[in-house]
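Trainee: Here it is: the structure, laid out below.
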Amino acid sequence: MVQLSVSLLNIYKPKPKFRAKGTFLDKLRIYVRGGAGGKGFPKYGGLGGKGGDVYLVAKENYTLKQVYQENPSKRFIASIGADSKRWQLKGLPGRDITIKVPTGIVVQTDTKRTLGDLNKPDSRLLVAKGADGGNPDTGYIGSRATGFSVNLDLKLIADVGLVGFPNAGKSTFLAAVSRANPKIANYPFTTIQPQLGVMEFEDHRQISVADLPGLIEGAHLNIGLGHRFLKHVERTKLHLFVVDVHGFRLGLKYPSRSVFETVMLLNKELELYKPDLVHKPAMLIVNKMDIDGSQALLDELLDKLKHVQSSVEELPAEHRPENFVKFDRILPISAKQLSAIDVVRDDVRTILDSLADREYSLTVAPSLDERRTKHDSLKESFDASLV
């Protein structure tokens, strides 16, 4: 009897629910379906109402975790169109559904077909269209809508992305330059999910910084956190490489890498994941300069980077990038020293402001030829008015 009771308790024991608390979600799969069409009214030629549509709309300061928490079933089905009636021959359309999602979402089907990107606040995307209502072509029978699953893939949008192997000091740096409070400890993989911080300046200028989970060799093959890390660097305006001047070693079973090897391996991982990433603006932060012997290691690194084409020949072929990241600045620092952090902050802002000015001149400001053409046209009009 006791065993039977225990068995029954096990059968009816509620299954543990997914706990989103404290979990950073950068991917969520949801089911969407437009509403079915309403019935027509054959006797009077009445048309059934169209089914509702399902939209996604991007919102700032919103998370995928909130999407899940607000609808744990992850099913979004629009309402059906109203039937045609004697006193209302044209049925009312079904109610649309609008799903709030974070800015920076890429929407894909299970077959990897991209439906669209939501990169700007309040941008909208129709993901499931409602079916047509009953009409003469359908014998006044409302059409059914087809449901399917879509994947919401979040790629963070930040001004600066910190790139580095585990334990390079990225979290310490982020804590020093912004209001973020990342977990910091002296062992690899302290950061297992993205951390966001904001650099604020006296004139109220704000620059967002993303500390991303540490890369490891083979990340481009989705080893370790792999693509979950690399996808987040795609939309940053500036890559901030952070390396330990004493090199890097993941563990006793792994080879020790010099600081030059570390830089080249980071370069290679970005290149193998997406070749265009190596052409983005970048800075190199050489961290932990407060330890004895650091200056000699820094001098060796700078010499190798100055002659990178020949220096890279010392590395195994699989570790050599084909295209090299060009660093706008190389700064030796200790992330614990505020004076060094201030220099980095100012340089980051200078580079981003320069990029913004360049983008403006290319997309908004008229070119010299355009200004000359406009000047000549105005001059001709003026001369003609004098005749």
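By convention in this document, the chains of the structure tokens carry letters A, B, ... by their order, each chain's residues are numbered from 1, and ligands are numbered from 1 in the order they are shown.
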Tell me, as JSON, numbers by chain, which residues lie within 7 Å of Gly104 of chain A, counting only C-alpha atoms; anything in the same chain fewer than 6 positions away does not count.
Mentor: {"A": [118, 119, 154, 155, 156, 157]}
Trainee: Find the residues near Phe201 of chain A: any atom within 12 Å, counting only C-alpha atoms, skip ones fewer than 4 places away on the same chain, and give them as a count of residues only.
Mentor: 11
Trainee: Quote the spacing between atom CA of Leu56 of chain A and atom CA of Lys90 of chain A in Å to one decimal place.
Mentor: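 Those two atoms sit 27.7 Å apart.
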Trainee: Find the residues around Lys39 of chain A up to 12 Å (only C-alpha atoms counted), leave out those fewer than 2 positions away in its own chain, and share them as a compact mmCIF listing (two decimals) with C-alpha atoms, in the first residue's frame.
Mentor:
```
# COMPACT_ATOMS: atom_id res chain seq x y z
CA ALA A 36 -8.67 31.73 -39.74
CA GLY A 37 -11.06 33.55 -42.08
CA PHE A 41 -23.05 34.41 -46.47
CA PRO A 42 -23.81 32.79 -49.87
CA GLY A 45 -23.00 37.43 -51.22
CA GLY A 46 -21.63 38.34 -47.80
CA LEU A 47 -17.86 38.13 -47.24
CA GLY A 48 -16.28 36.59 -44.16
CA GLY A 49 -13.84 38.64 -42.14
CA LYS A 50 -10.10 38.19 -42.64
CA GLY A 51 -8.20 36.48 -39.83
CA ILE A 80 -10.49 34.39 -36.40
CA GLY A 81 -12.40 36.74 -38.67
CA ALA A 82 -16.10 37.25 -37.95
CA ASP A 83 -18.71 35.45 -40.03
CA SER A 84 -20.83 37.40 -42.48
CA LYS A 85 -24.34 38.02 -41.12
CA LEU A 89 -22.61 41.29 -44.77
CA LYS A 90 -18.89 42.07 -44.46
CA GLY A 91 -17.52 40.25 -41.44
CA LEU A 92 -15.18 42.12 -39.16
CA PRO A 93 -11.48 41.18 -39.35
CA ALA A 131 -6.30 33.82 -43.72
CA ASP A 132 -8.88 35.23 -46.13
CA GLY A 133 -12.54 35.19 -45.22
CA GLY A 134 -15.13 33.21 -47.14
CA ASN A 135 -15.87 34.62 -50.63
CA PRO A 136 -17.19 33.41 -53.99
CA THR A 138 -13.74 29.73 -51.79
CA GLY A 139 -17.40 28.82 -51.85
CA TYR A 140 -17.90 31.28 -48.97
CA ILE A 141 -15.85 29.04 -46.67
CA GLY A 142 -13.24 30.82 -44.59
CA SER A 143 -9.63 29.78 -45.24
CA ARG A 144 -7.44 28.25 -42.55
```
Trainee: Please indicate the distance in Å from atom CA of Leu298 of chain A to atom CA of Phe260 of chain A, rounded to one decimal place.
Mentor: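 Taking atom CA of Leu298 of chain A as the start and atom CA of Phe260 of chain A as the end point, the length is 9.4 Å.
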Trainee: Between A:Glu322, A:Asp159, A:Asp96, A:Asp347, single out the one closest to Asn267 of chain A, counting only C-alpha atoms.
Mentor: A:Glu322
Trainee: Can you measure atom CA of Ser311 of chain A to atom CA of Lys268 of chain A for me? One decimal in Å is fine.
Mentor: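 Interatomic distance, atom CA of Ser311 of chain A to atom CA of Lys268 of chain A: 14.8 Å.
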